[in-house]
Amino acid sequence: MKVCIFKSSVEATHEAAKLFIEQIQRKPDCVLGLATGSTPIKLYKELIQACKEGKISFKRVKTFNLDEYVGLDRLHTQSYYRFMCEQLFDHVDIDKRNCHVPNGQAKDIEKEEQQYEAAIEAAGGIDLQLLGIGGNGHIGFNEPGCNLDCGTHLEALTQQTIQDNARLFFNGDEAQVPRQALTMGVGTILRARQCVLLAFGKSKQAAVQGMIEGPITKANPASVLQRHPDTIVLLDALAAEKLKKSV
Ligand code: F6R
């Protein structure tokens, strides 16, 4: 695991953007794993800008998102499919048929889990996976206590995640937040050829410290990235503050 600390989230984001731009330039038909949440929004803005300037094209790129809430319509204001359209897909030259987000409304969830994994495999596997981290150490929606080997699956959200994400729902109402999500598993994430994890701010300090310096444990699912052969962690100074060793 390579860890880089930047003065601000702007600089860390810029470094992540460089990695994504280089990946698309090197392999125009690459497969990207994408994340939602507040952390990657500025990164997506940089990718949109690079596309507008003709530095990259998404025409042959395929994307797979980490997760989706169960039960939300694709067009619900908080669905991750809609988030991706608003933050990236609608502003670049990507073919939406190449954009995959788990279907949280699938009638047969087990079939959806298998089809999602099969689609990733059929695309040739994920070249570059973007990750954020939850305040509790989750990656995707793999919550503390999860199985560290599994593929795409249904996960019950913890109370902390429900509370953290309520801010984005109408009136910040926790009751509106779905209780389950479909998520790539830790096993799926570990199969990506390269991972880039971004973490910013005080609320991520404990999770970041556990991920980098703690033991590999289900209590902090992100810690399993220590086993991944090519993971880059990009932090702002605040998120890195609890690290004991300077990296
Ligand atoms: C989102 C996802 C989550 C987020 C994490 C951090 O697709 O998989 O693991 O990356 O919850 O969220 P933010 O960026 O909102 O702090």
# chains A, B, ... in the order shown; residues from 1 in each chain; ligands from 1
>>> residues_near_ligand(ligand="ligand 1", cutoff="8 Å", atoms="only C-alpha atoms and all ligand atoms", output="list of chain:residue names")
A:Leu34, A:Ala35, A:Thr36, A:Gly37, A:Ser38, A:Thr39, A:Pro40, A:Asn65, A:Leu66, A:Asp67, A:Glu68, A:Tyr80, A:Leu131, A:Gly132, A:Ile133, A:Gly134, A:Gly135, A:His138, A:Ile139, A:Gly140, A:Phe141, A:Asn142, A:Thr161, A:Asn165, A:Thr183, A:Ala199, A:Phe200, A:Lys204
>>> select_by_dssp(residues="segment 13-130 of chain A", states="alpha helix (DSSP H)", output="number ranges by chain")
A: 13-26, 41-52, 80-87, 109-122
>>> write_last_selection(atoms="C-alpha atoms", output="PDB file, in the first residue's frame")
ATOM      1  CA  THR A  13      -7.755  15.005  -5.916  1.00  0.00           C
ATOM      2  CA  HIS A  14      -5.487  16.383  -8.639  1.00  0.00           C
ATOM      3  CA  GLU A  15      -3.107  13.455  -8.150  1.00  0.00           C
ATOM      4  CA  ALA A  16      -6.020  10.993  -8.413  1.00  0.00           C
ATOM      5  CA  ALA A  17      -7.224  12.738 -11.578  1.00  0.00           C
ATOM      6  CA  LYS A  18      -3.757  12.308 -13.083  1.00  0.00           C
ATOM      7  CA  LEU A  19      -3.894   8.556 -12.409  1.00  0.00           C
ATOM      8  CA  PHE A  20      -7.317   8.254 -14.067  1.00  0.00           C
ATOM      9  CA  ILE A  21      -6.344  10.401 -17.043  1.00  0.00           C
ATOM     10  CA  GLU A  22      -3.164   8.373 -17.581  1.00  0.00           C
ATOM     11  CA  GLN A  23      -5.119   5.124 -17.303  1.00  0.00           C
ATOM     12  CA  ILE A  24      -7.614   6.206 -19.982  1.00  0.00           C
ATOM     13  CA  GLN A  25      -4.837   7.507 -22.244  1.00  0.00           C
ATOM     14  CA  ARG A  26      -2.845   4.277 -21.864  1.00  0.00           C
ATOM     15  CA  ILE A  41     -17.060  14.900  -6.783  1.00  0.00           C
ATOM     16  CA  LYS A  42     -14.078  17.188  -7.514  1.00  0.00           C
ATOM     17  CA  LEU A  43     -12.230  14.327  -9.201  1.00  0.00           C
ATOM     18  CA  TYR A  44     -15.160  13.822 -11.569  1.00  0.00           C
ATOM     19  CA  LYS A  45     -15.087  17.558 -12.334  1.00  0.00           C
ATOM     20  CA  GLU A  46     -11.418  17.250 -13.332  1.00  0.00           C
ATOM     21  CA  LEU A  47     -12.195  14.270 -15.571  1.00  0.00           C
ATOM     22  CA  ILE A  48     -15.042  16.199 -17.239  1.00  0.00           C
ATOM     23  CA  GLN A  49     -12.657  19.088 -17.859  1.00  0.00           C
ATOM     24  CA  ALA A  50      -9.996  16.758 -19.324  1.00  0.00           C
ATOM     25  CA  CYS A  51     -12.634  15.259 -21.628  1.00  0.00           C
ATOM     26  CA  LYS A  52     -13.817  18.707 -22.740  1.00  0.00           C
ATOM     27  CA  TYR A  80     -26.244   6.264  -6.987  1.00  0.00           C
ATOM     28  CA  TYR A  81     -27.169   5.786 -10.642  1.00  0.00           C
ATOM     29  CA  ARG A  82     -28.575   9.308 -10.709  1.00  0.00           C
ATOM     30  CA  PHE A  83     -25.570  10.646  -8.787  1.00  0.00           C
ATOM     31  CA  MET A  84     -23.233   9.225 -11.431  1.00  0.00           C
ATOM     32  CA  CYS A  85     -25.271  10.715 -14.285  1.00  0.00           C
ATOM     33  CA  GLU A  86     -25.277  14.126 -12.634  1.00  0.00           C
ATOM     34  CA  GLN A  87     -21.651  14.117 -11.525  1.00  0.00           C
ATOM     35  CA  ILE A 109     -31.238  -9.960  -5.937  1.00  0.00           C
ATOM     36  CA  GLU A 110     -29.174 -13.149  -6.063  1.00  0.00           C
ATOM     37  CA  LYS A 111     -29.351 -13.166  -9.859  1.00  0.00           C
ATOM     38  CA  GLU A 112     -28.370  -9.490  -9.954  1.00  0.00           C
ATOM     39  CA  GLU A 113     -25.339 -10.211  -7.727  1.00  0.00           C
ATOM     40  CA  GLN A 114     -24.187 -12.995 -10.043  1.00  0.00           C
ATOM     41  CA  GLN A 115     -24.837 -10.986 -13.203  1.00  0.00           C
ATOM     42  CA  TYR A 116     -22.882  -8.010 -11.869  1.00  0.00           C
ATOM     43  CA  GLU A 117     -19.849 -10.170 -11.112  1.00  0.00           C
ATOM     44  CA  ALA A 118     -20.162 -11.897 -14.503  1.00  0.00           C
ATOM     45  CA  ALA A 119     -20.355  -8.538 -16.299  1.00  0.00           C
ATOM     46  CA  ILE A 120     -17.155  -7.346 -14.593  1.00  0.00           C
ATOM     47  CA  GLU A 121     -15.418 -10.546 -15.609  1.00  0.00           C
ATOM     48  CA  ALA A 122     -16.738 -10.396 -19.181  1.00  0.00           C
TER      49      ALA A 122
END
>>> residues_around(residues="Ala156 of chain A", least_positions_apart="6", cutoff="8 Å", atoms="only C-alpha atoms", output="list in words")
Glu143, Arg179, Gln180 and Ala181 of chain A
>>> atom_distance(atom1="atom CA of Ala240 of chain A", atom2="atom CA of Leu130 of chain A")
18.7 Å
>>> select_by_dssp(residues="segment 30-227 of chain A", states="strand (DSSP E)", output="PyMOL selection string")
chain A and resi 31-34+62-65+67-69+99-100+128-131+153-156+180-183+194-199
>>> closest_residue(among="A:His91, A:Lys245, A:Lys62, A:Lys218", to="Gln129 of chain A", atoms="only C-alpha atoms")
A:Lys62
>>> atom_distance(atom1="atom CA of Val224 of chain A", atom2="atom CA of Glu241 of chain A")
20.9 Å
